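As provided, input-v9.cif (mmCIF, N, CA and C atoms) reads as follows.
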```cif
data_query
loop_
_atom_site.label_atom_id
_atom_site.label_comp_id
_atom_site.auth_asym_id
_atom_site.auth_seq_id
_atom_site.Cartn_x
_atom_site.Cartn_y
_atom_site.Cartn_z
N MET E 1 -5.02 -4.96 18.80
CA MET E 1 -4.80 -4.42 17.47
C MET E 1 -5.91 -4.91 16.55
N PRO E 2 -6.42 -4.03 15.65
CA PRO E 2 -7.47 -4.44 14.73
C PRO E 2 -7.01 -5.56 13.81
N ARG E 3 -7.98 -6.21 13.23
CA ARG E 3 -7.74 -7.33 12.31
C ARG E 3 -6.99 -6.86 11.06
N ALA E 4 -6.16 -7.72 10.51
CA ALA E 4 -5.41 -7.40 9.29
C ALA E 4 -6.37 -7.17 8.13
N PRO E 5 -6.01 -6.29 7.21
CA PRO E 5 -6.90 -6.02 6.07
C PRO E 5 -6.93 -7.20 5.10
N ARG E 6 -8.00 -7.27 4.32
CA ARG E 6 -8.09 -8.29 3.27
C ARG E 6 -7.01 -8.00 2.23
N MET E 7 -6.40 -9.03 1.73
CA MET E 7 -5.32 -8.88 0.75
C MET E 7 -5.86 -8.91 -0.67
N THR E 8 -6.69 -7.91 -0.99
CA THR E 8 -7.19 -7.79 -2.36
C THR E 8 -6.01 -7.41 -3.26
N LEU E 9 -6.19 -7.56 -4.55
CA LEU E 9 -5.12 -7.19 -5.48
C LEU E 9 -4.76 -5.71 -5.34
N PRO E 10 -5.73 -4.78 -5.26
CA PRO E 10 -5.35 -3.38 -5.07
C PRO E 10 -4.57 -3.15 -3.77
N THR E 11 -4.95 -3.83 -2.69
CA THR E 11 -4.21 -3.70 -1.43
C THR E 11 -2.79 -4.19 -1.61
N GLN E 12 -2.62 -5.30 -2.30
CA GLN E 12 -1.28 -5.82 -2.55
C GLN E 12 -0.45 -4.85 -3.38
N LEU E 13 -1.06 -4.22 -4.38
CA LEU E 13 -0.34 -3.26 -5.22
C LEU E 13 0.10 -2.04 -4.40
N VAL E 14 -0.76 -1.57 -3.52
CA VAL E 14 -0.39 -0.44 -2.65
C VAL E 14 0.76 -0.84 -1.73
N LEU E 15 0.66 -2.02 -1.13
CA LEU E 15 1.73 -2.47 -0.23
C LEU E 15 3.05 -2.63 -0.98
N ARG E 16 3.00 -3.17 -2.19
CA ARG E 16 4.23 -3.32 -2.98
C ARG E 16 4.84 -1.96 -3.30
N ALA E 17 4.00 -0.98 -3.60
CA ALA E 17 4.51 0.38 -3.87
C ALA E 17 5.19 0.94 -2.62
N LEU E 18 4.59 0.75 -1.46
CA LEU E 18 5.17 1.26 -0.22
C LEU E 18 6.43 0.50 0.17
N LEU E 19 6.51 -0.77 -0.19
CA LEU E 19 7.68 -1.59 0.14
C LEU E 19 8.86 -1.34 -0.79
N HIS E 20 8.61 -0.69 -1.92
CA HIS E 20 9.71 -0.45 -2.87
C HIS E 20 10.84 0.34 -2.23
N GLU E 21 10.50 1.38 -1.48
CA GLU E 21 11.47 2.18 -0.72
C GLU E 21 10.87 2.38 0.67
N PRO E 22 10.90 1.37 1.52
CA PRO E 22 10.15 1.43 2.78
C PRO E 22 10.59 2.53 3.75
N ALA E 23 11.80 3.04 3.62
CA ALA E 23 12.26 4.10 4.52
C ALA E 23 11.78 5.48 4.06
N GLU E 24 11.28 5.56 2.83
CA GLU E 24 10.85 6.85 2.27
C GLU E 24 9.35 7.05 2.44
N GLU E 25 8.97 8.28 2.72
CA GLU E 25 7.55 8.62 2.75
C GLU E 25 7.07 8.83 1.31
N MET E 26 5.81 8.53 1.08
CA MET E 26 5.20 8.76 -0.22
C MET E 26 3.87 9.46 -0.01
N TYR E 27 3.52 10.36 -0.92
CA TYR E 27 2.21 10.98 -0.83
C TYR E 27 1.25 10.26 -1.78
N GLY E 28 -0.02 10.54 -1.62
CA GLY E 28 -1.07 9.78 -2.32
C GLY E 28 -0.87 9.61 -3.81
N LEU E 29 -0.59 10.69 -4.54
CA LEU E 29 -0.44 10.57 -5.98
C LEU E 29 0.78 9.74 -6.37
N GLU E 30 1.83 9.79 -5.57
CA GLU E 30 3.00 8.94 -5.82
C GLU E 30 2.62 7.46 -5.67
N ILE E 31 1.89 7.16 -4.61
CA ILE E 31 1.46 5.79 -4.37
C ILE E 31 0.53 5.34 -5.49
N SER E 32 -0.38 6.22 -5.87
CA SER E 32 -1.32 5.92 -6.94
C SER E 32 -0.58 5.57 -8.24
N ALA E 33 0.40 6.37 -8.60
CA ALA E 33 1.17 6.12 -9.83
C ALA E 33 1.98 4.84 -9.71
N ALA E 34 2.63 4.63 -8.57
CA ALA E 34 3.47 3.43 -8.39
C ALA E 34 2.64 2.16 -8.40
N ALA E 35 1.43 2.24 -7.86
CA ALA E 35 0.56 1.06 -7.80
C ALA E 35 -0.25 0.87 -9.08
N GLY E 36 -0.32 1.90 -9.91
CA GLY E 36 -1.12 1.82 -11.12
C GLY E 36 -2.61 1.85 -10.85
N LEU E 37 -2.99 2.56 -9.78
CA LEU E 37 -4.39 2.62 -9.37
C LEU E 37 -4.84 4.08 -9.25
N ALA E 38 -6.13 4.31 -9.42
CA ALA E 38 -6.68 5.65 -9.26
C ALA E 38 -6.62 6.08 -7.81
N SER E 39 -6.50 7.40 -7.59
CA SER E 39 -6.40 7.89 -6.21
C SER E 39 -7.67 7.57 -5.42
N GLY E 40 -8.80 7.51 -6.08
CA GLY E 40 -10.03 7.15 -5.39
C GLY E 40 -10.03 5.71 -4.90
N THR E 41 -9.18 4.89 -5.49
CA THR E 41 -9.04 3.50 -5.07
C THR E 41 -8.06 3.37 -3.92
N ILE E 42 -6.96 4.13 -3.98
CA ILE E 42 -5.92 3.93 -2.96
C ILE E 42 -6.24 4.58 -1.62
N HIS E 43 -6.97 5.67 -1.62
CA HIS E 43 -7.19 6.36 -0.34
C HIS E 43 -7.98 5.54 0.67
N PRO E 44 -9.04 4.82 0.28
CA PRO E 44 -9.68 3.93 1.26
C PRO E 44 -8.74 2.84 1.76
N ILE E 45 -7.88 2.34 0.87
CA ILE E 45 -6.91 1.31 1.27
C ILE E 45 -5.93 1.89 2.27
N LEU E 46 -5.42 3.08 1.99
CA LEU E 46 -4.48 3.73 2.92
C LEU E 46 -5.13 3.96 4.28
N ALA E 47 -6.40 4.36 4.28
CA ALA E 47 -7.11 4.58 5.54
C ALA E 47 -7.23 3.28 6.32
N ARG E 48 -7.56 2.17 5.64
CA ARG E 48 -7.67 0.87 6.33
C ARG E 48 -6.31 0.43 6.88
N LEU E 49 -5.25 0.61 6.08
CA LEU E 49 -3.92 0.21 6.54
C LEU E 49 -3.48 1.05 7.74
N GLU E 50 -3.85 2.30 7.75
CA GLU E 50 -3.51 3.14 8.90
C GLU E 50 -4.32 2.74 10.12
N THR E 51 -5.59 2.40 9.93
CA THR E 51 -6.45 1.98 11.04
C THR E 51 -5.91 0.73 11.73
N VAL E 52 -5.35 -0.21 10.96
CA VAL E 52 -4.83 -1.44 11.57
C VAL E 52 -3.39 -1.28 12.05
N GLY E 53 -2.82 -0.08 11.89
CA GLY E 53 -1.49 0.18 12.42
C GLY E 53 -0.34 -0.14 11.49
N TRP E 54 -0.65 -0.46 10.22
CA TRP E 54 0.42 -0.78 9.28
C TRP E 54 1.08 0.46 8.70
N LEU E 55 0.39 1.59 8.73
CA LEU E 55 0.90 2.84 8.17
C LEU E 55 0.88 3.95 9.20
N THR E 56 1.81 4.87 9.02
CA THR E 56 1.74 6.14 9.73
C THR E 56 1.60 7.20 8.64
N SER E 57 1.03 8.33 9.01
CA SER E 57 0.89 9.40 8.03
C SER E 57 1.05 10.74 8.72
N ARG E 58 1.34 11.73 7.91
CA ARG E 58 1.45 13.09 8.42
C ARG E 58 1.14 14.05 7.28
N TRP E 59 0.63 15.22 7.65
CA TRP E 59 0.44 16.28 6.67
C TRP E 59 1.73 17.07 6.56
N GLU E 60 2.09 17.46 5.35
CA GLU E 60 3.28 18.30 5.17
C GLU E 60 3.04 19.66 5.79
N ASP E 61 4.13 20.32 6.12
CA ASP E 61 4.05 21.63 6.76
C ASP E 61 3.94 22.78 5.76
N ALA E 62 3.98 22.51 4.49
CA ALA E 62 3.98 23.56 3.47
C ALA E 62 2.66 24.31 3.43
N ASP E 63 2.75 25.59 3.07
CA ASP E 63 1.57 26.43 2.90
C ASP E 63 1.03 26.19 1.48
N PRO E 64 -0.23 25.75 1.36
CA PRO E 64 -0.79 25.47 0.04
C PRO E 64 -0.75 26.67 -0.91
N LYS E 65 -0.93 27.87 -0.38
CA LYS E 65 -0.91 29.07 -1.24
C LYS E 65 0.49 29.30 -1.79
N GLU E 66 1.50 29.10 -0.96
CA GLU E 66 2.88 29.27 -1.42
C GLU E 66 3.26 28.19 -2.43
N GLN E 67 2.80 26.98 -2.19
CA GLN E 67 3.13 25.85 -3.07
C GLN E 67 2.31 25.84 -4.35
N GLY E 68 1.16 26.50 -4.32
CA GLY E 68 0.28 26.50 -5.49
C GLY E 68 -0.41 25.16 -5.70
N ARG E 69 -0.57 24.42 -4.62
CA ARG E 69 -1.23 23.10 -4.67
C ARG E 69 -1.72 22.76 -3.27
N PRO E 70 -2.61 21.79 -3.15
CA PRO E 70 -3.06 21.37 -1.81
C PRO E 70 -1.91 20.73 -1.02
N ARG E 71 -2.04 20.78 0.30
CA ARG E 71 -1.05 20.09 1.14
C ARG E 71 -1.08 18.60 0.83
N ARG E 72 0.06 17.97 1.00
CA ARG E 72 0.16 16.54 0.77
C ARG E 72 0.16 15.78 2.09
N ARG E 73 -0.44 14.62 2.06
CA ARG E 73 -0.38 13.73 3.21
C ARG E 73 0.63 12.64 2.85
N TYR E 74 1.63 12.48 3.70
CA TYR E 74 2.69 11.51 3.46
C TYR E 74 2.45 10.25 4.28
N TYR E 75 2.73 9.10 3.66
CA TYR E 75 2.51 7.80 4.27
C TYR E 75 3.82 7.02 4.29
N ARG E 76 3.95 6.19 5.31
CA ARG E 76 5.09 5.29 5.43
C ARG E 76 4.63 4.07 6.22
N LEU E 77 5.18 2.92 5.87
CA LEU E 77 4.88 1.71 6.65
C LEU E 77 5.47 1.86 8.04
N SER E 78 4.70 1.50 9.05
CA SER E 78 5.21 1.46 10.43
C SER E 78 6.13 0.26 10.54
N PRO E 79 6.95 0.18 11.59
CA PRO E 79 7.80 -1.01 11.76
C PRO E 79 6.97 -2.31 11.78
N GLU E 80 5.83 -2.27 12.48
CA GLU E 80 4.96 -3.45 12.50
C GLU E 80 4.36 -3.69 11.12
N GLY E 81 4.00 -2.61 10.45
CA GLY E 81 3.41 -2.71 9.12
C GLY E 81 4.38 -3.26 8.09
N LEU E 82 5.64 -2.90 8.24
CA LEU E 82 6.67 -3.40 7.33
C LEU E 82 6.73 -4.92 7.40
N GLN E 83 6.79 -5.44 8.61
CA GLN E 83 6.82 -6.90 8.80
C GLN E 83 5.52 -7.54 8.34
N ALA E 84 4.40 -6.94 8.73
CA ALA E 84 3.09 -7.50 8.39
C ALA E 84 2.86 -7.50 6.88
N ALA E 85 3.27 -6.42 6.20
CA ALA E 85 3.09 -6.32 4.76
C ALA E 85 3.92 -7.38 4.04
N ARG E 86 5.16 -7.53 4.45
CA ARG E 86 6.00 -8.56 3.82
C ARG E 86 5.41 -9.95 4.01
N SER E 87 4.95 -10.22 5.21
CA SER E 87 4.36 -11.52 5.52
C SER E 87 3.07 -11.74 4.72
N ALA E 88 2.20 -10.75 4.71
CA ALA E 88 0.92 -10.87 4.01
C ALA E 88 1.13 -11.06 2.52
N LEU E 89 2.09 -10.35 1.94
CA LEU E 89 2.36 -10.50 0.51
C LEU E 89 2.96 -11.87 0.21
N ALA E 90 3.78 -12.38 1.10
CA ALA E 90 4.36 -13.72 0.91
C ALA E 90 3.26 -14.77 0.94
N VAL E 91 2.31 -14.64 1.88
CA VAL E 91 1.19 -15.58 1.96
C VAL E 91 0.34 -15.50 0.70
N ALA E 92 0.05 -14.28 0.25
CA ALA E 92 -0.76 -14.10 -0.96
C ALA E 92 -0.07 -14.72 -2.17
N GLN E 93 1.24 -14.52 -2.27
CA GLN E 93 1.99 -15.10 -3.40
C GLN E 93 2.01 -16.63 -3.32
N ALA E 94 2.13 -17.16 -2.12
CA ALA E 94 2.12 -18.61 -1.95
C ALA E 94 0.78 -19.20 -2.41
N LYS E 95 -0.30 -18.50 -2.15
CA LYS E 95 -1.63 -18.96 -2.59
C LYS E 95 -1.71 -18.96 -4.12
N VAL E 96 -1.19 -17.92 -4.74
CA VAL E 96 -1.18 -17.86 -6.20
C VAL E 96 -0.33 -18.99 -6.76
N ASP E 97 0.85 -19.21 -6.18
CA ASP E 97 1.73 -20.28 -6.64
C ASP E 97 1.06 -21.64 -6.52
N LEU E 98 0.32 -21.85 -5.44
CA LEU E 98 -0.39 -23.12 -5.26
C LEU E 98 -1.44 -23.32 -6.33
N VAL E 99 -2.21 -22.28 -6.61
CA VAL E 99 -3.24 -22.38 -7.64
C VAL E 99 -2.61 -22.69 -8.98
N ILE E 100 -1.49 -22.08 -9.29
CA ILE E 100 -0.82 -22.31 -10.57
C ILE E 100 -0.33 -23.75 -10.65
N ARG E 101 0.19 -24.28 -9.55
CA ARG E 101 0.65 -25.68 -9.55
C ARG E 101 -0.50 -26.65 -9.69
N VAL E 102 -1.59 -26.38 -8.98
CA VAL E 102 -2.73 -27.31 -8.97
C VAL E 102 -3.55 -27.17 -10.25
N ARG E 103 -3.68 -25.96 -10.73
CA ARG E 103 -4.50 -25.70 -11.91
C ARG E 103 -3.71 -24.86 -12.92
N PRO E 104 -2.76 -25.44 -13.60
CA PRO E 104 -1.88 -24.66 -14.48
C PRO E 104 -2.65 -23.94 -15.59
N HIS E 105 -3.78 -24.48 -16.02
CA HIS E 105 -4.54 -23.82 -17.09
C HIS E 105 -5.05 -22.44 -16.67
N LEU E 106 -5.19 -22.19 -15.36
CA LEU E 106 -5.62 -20.88 -14.89
C LEU E 106 -4.55 -19.81 -15.12
N ALA E 107 -3.30 -20.25 -15.25
CA ALA E 107 -2.20 -19.32 -15.46
C ALA E 107 -1.77 -19.29 -16.92
N GLY E 108 -2.59 -19.90 -17.81
CA GLY E 108 -2.26 -19.91 -19.22
C GLY E 108 -1.38 -21.07 -19.63
N GLY E 109 -1.11 -22.00 -18.69
CA GLY E 109 -0.29 -23.17 -19.01
C GLY E 109 -1.13 -24.27 -19.64
N ALA E 110 -0.49 -25.34 -19.96
CA ALA E 110 -1.19 -26.49 -20.56
C ALA E 110 -2.09 -27.15 -19.53
N SER E 111 -3.21 -27.67 -19.98
CA SER E 111 -4.12 -28.33 -19.04
C SER E 111 -4.12 -29.82 -19.19
#
```
What is this file in structure tokens?
Amino acid sequence: MPRAPRMTLPTQLVLRALLHEPAEEMYGLEISAAAGLASGTIHPILARLETVGWLTSRWEDADPKEQGRPRRRYYRLSPEGLQAARSALAVAQAKVDLVIRVRPHLAGGAS
């Protein structure tokens, strides 16, 4: 299996959006809105997550002409991705918590 993706803040935001309702599929613009990121930012992240096996995706069966819009690609965390995303986010949060404890002024606390 390919190496886990870097846990950048945008990657974490995408994973949090997907984890909000992990049994539900989401299409790109939904993920973009939920993560608060531009679609140009999330699509490379989604591609990386799919490459490492954390996501599955599918194109909808709708006819774009009938729908009056382009077909949507739906994404969902894979079973492995669900576990990996939860674990990776927990590790990322633990690192933030450590920095705040060691250097409280970085979090706006007293120094």
Using the chain letters and numbers from this file, what does the PyMOL selection byres ((chain E and resi 34) around 8) select? Give the answer as a count of residues only.
14
Which neighbours of Met7 in chain E fall inside 8 Å, counting all atoms listed in the file, when residues of the same chain fewer than 4 positions from it are skipped, and could you give them as a compact mmCIF listing (two decimals) with N, CA and C atoms, keeping the file's coordinate frame?
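selection_1.txt was written with the following content:
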```txt
# COMPACT_ATOMS: atom_id res chain seq x y z
N THR E 11 -4.95 -3.83 -2.69
CA THR E 11 -4.21 -3.70 -1.43
C THR E 11 -2.79 -4.19 -1.61
N GLN E 12 -2.62 -5.30 -2.30
CA GLN E 12 -1.28 -5.82 -2.55
C GLN E 12 -0.45 -4.85 -3.38
N LEU E 13 -1.06 -4.22 -4.38
CA LEU E 13 -0.34 -3.26 -5.22
C LEU E 13 0.10 -2.04 -4.40
N ALA E 88 2.20 -10.75 4.71
CA ALA E 88 0.92 -10.87 4.01
C ALA E 88 1.13 -11.06 2.52
N LEU E 89 2.09 -10.35 1.94
CA LEU E 89 2.36 -10.50 0.51
C LEU E 89 2.96 -11.87 0.21
N ALA E 92 0.05 -14.28 0.25
CA ALA E 92 -0.76 -14.10 -0.96
C ALA E 92 -0.07 -14.72 -2.17
```
Enumerate as an mmCIF file with N, CA and C atoms, in the coordinates of the input all residues of chain E assigned to strand (DSSP E) by DSSP on the backbone, naming them with the chain letters and numbers the document uses.
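The result, written out as selection.cif:
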```cif
data_model
loop_
_atom_site.group_PDB
_atom_site.id
_atom_site.type_symbol
_atom_site.label_atom_id
_atom_site.label_comp_id
_atom_site.auth_asym_id
_atom_site.auth_seq_id
_atom_site.Cartn_x
_atom_site.Cartn_y
_atom_site.Cartn_z
ATOM 1 N N MET E 26 5.810 8.530 1.080
ATOM 2 C CA MET E 26 5.200 8.760 -0.220
ATOM 3 C C MET E 26 3.870 9.460 -0.010
ATOM 4 N N TYR E 27 3.520 10.360 -0.920
ATOM 5 C CA TYR E 27 2.210 10.980 -0.830
ATOM 6 C C TYR E 27 1.250 10.260 -1.780
ATOM 7 N N LEU E 55 0.390 1.590 8.730
ATOM 8 C CA LEU E 55 0.900 2.840 8.170
ATOM 9 C C LEU E 55 0.880 3.950 9.200
ATOM 10 N N THR E 56 1.810 4.870 9.020
ATOM 11 C CA THR E 56 1.740 6.140 9.730
ATOM 12 C C THR E 56 1.600 7.200 8.640
ATOM 13 N N SER E 57 1.030 8.330 9.010
ATOM 14 C CA SER E 57 0.890 9.400 8.030
ATOM 15 C C SER E 57 1.050 10.740 8.720
ATOM 16 N N ARG E 58 1.340 11.730 7.910
ATOM 17 C CA ARG E 58 1.450 13.090 8.420
ATOM 18 C C ARG E 58 1.140 14.050 7.280
ATOM 19 N N TRP E 59 0.630 15.220 7.650
ATOM 20 C CA TRP E 59 0.440 16.280 6.670
ATOM 21 C C TRP E 59 1.730 17.070 6.560
ATOM 22 N N ARG E 73 -0.440 14.620 2.060
ATOM 23 C CA ARG E 73 -0.380 13.730 3.210
ATOM 24 C C ARG E 73 0.630 12.640 2.850
ATOM 25 N N TYR E 74 1.630 12.480 3.700
ATOM 26 C CA TYR E 74 2.690 11.510 3.460
ATOM 27 C C TYR E 74 2.450 10.250 4.280
ATOM 28 N N TYR E 75 2.730 9.100 3.660
ATOM 29 C CA TYR E 75 2.510 7.800 4.270
ATOM 30 C C TYR E 75 3.820 7.020 4.290
ATOM 31 N N ARG E 76 3.950 6.190 5.310
ATOM 32 C CA ARG E 76 5.090 5.290 5.430
ATOM 33 C C ARG E 76 4.630 4.070 6.220
ATOM 34 N N LEU E 77 5.180 2.920 5.870
ATOM 35 C CA LEU E 77 4.880 1.710 6.650
ATOM 36 C C LEU E 77 5.470 1.860 8.040
#
```
Show me, as a ChimeraX atom specification, the residues that have an atom within 8 Å of range 55-72 of chain E when counting all atoms listed in the file, minus same-chain residues fewer than 6 positions from it.
/E:26-29,46,48-49,78-82
With distances taken over all atoms listed in the file, the candidate from E:Ser39, E:Arg3, E:Val91, E:Pro10 nearest Thr51 in chain E is E:Arg3
Mind giving me the straight-line distance from CA of Leu19 in chain E to CA of Arg86 in chain E in Å, one decimal?
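Those two atoms sit 8.1 Å apart.
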Atomic separation - CA of Ala90 in chain E relative to CA of Arg76 in chain E, Å:
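Between CA of Arg76 in chain E and CA of Ala90 in chain E the gap is 19.6 Å.
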With all atoms listed in the file as the basis for distance, which of E:Ala23, E:Ile45, E:Ala4, E:Leu9 is at the shortest distance from Leu77 in chain E?
E:Ala23
Would you compute the box with edges along x, y and z of the file around range 81-90 of chain E, including every atom the file lists for it and 3 Å extra on each side, and give its centre and edge lengths in Å to one decimal, as JSON?
```
{"center_x": 3.9, "center_y": -8.7, "center_z": 5.3, "size_x": 11.9, "size_y": 18.2, "size_z": 16.2}
```
Could you jot down the CA of Ala85 in chain E to CA of Trp54 in chain E separation for me, Å, one decimal place?
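Straight-line distance from CA of Ala85 in chain E to CA of Trp54 in chain E works out to 7.6 Å.
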Identify, with DSSP run on backbone atoms, the residues in chain E assigned to alpha helix (DSSP H), and express the list as a VMD selection string.
chain E and resid 9 to 20 28 to 35 39 to 51 64 to 67 79 to 102
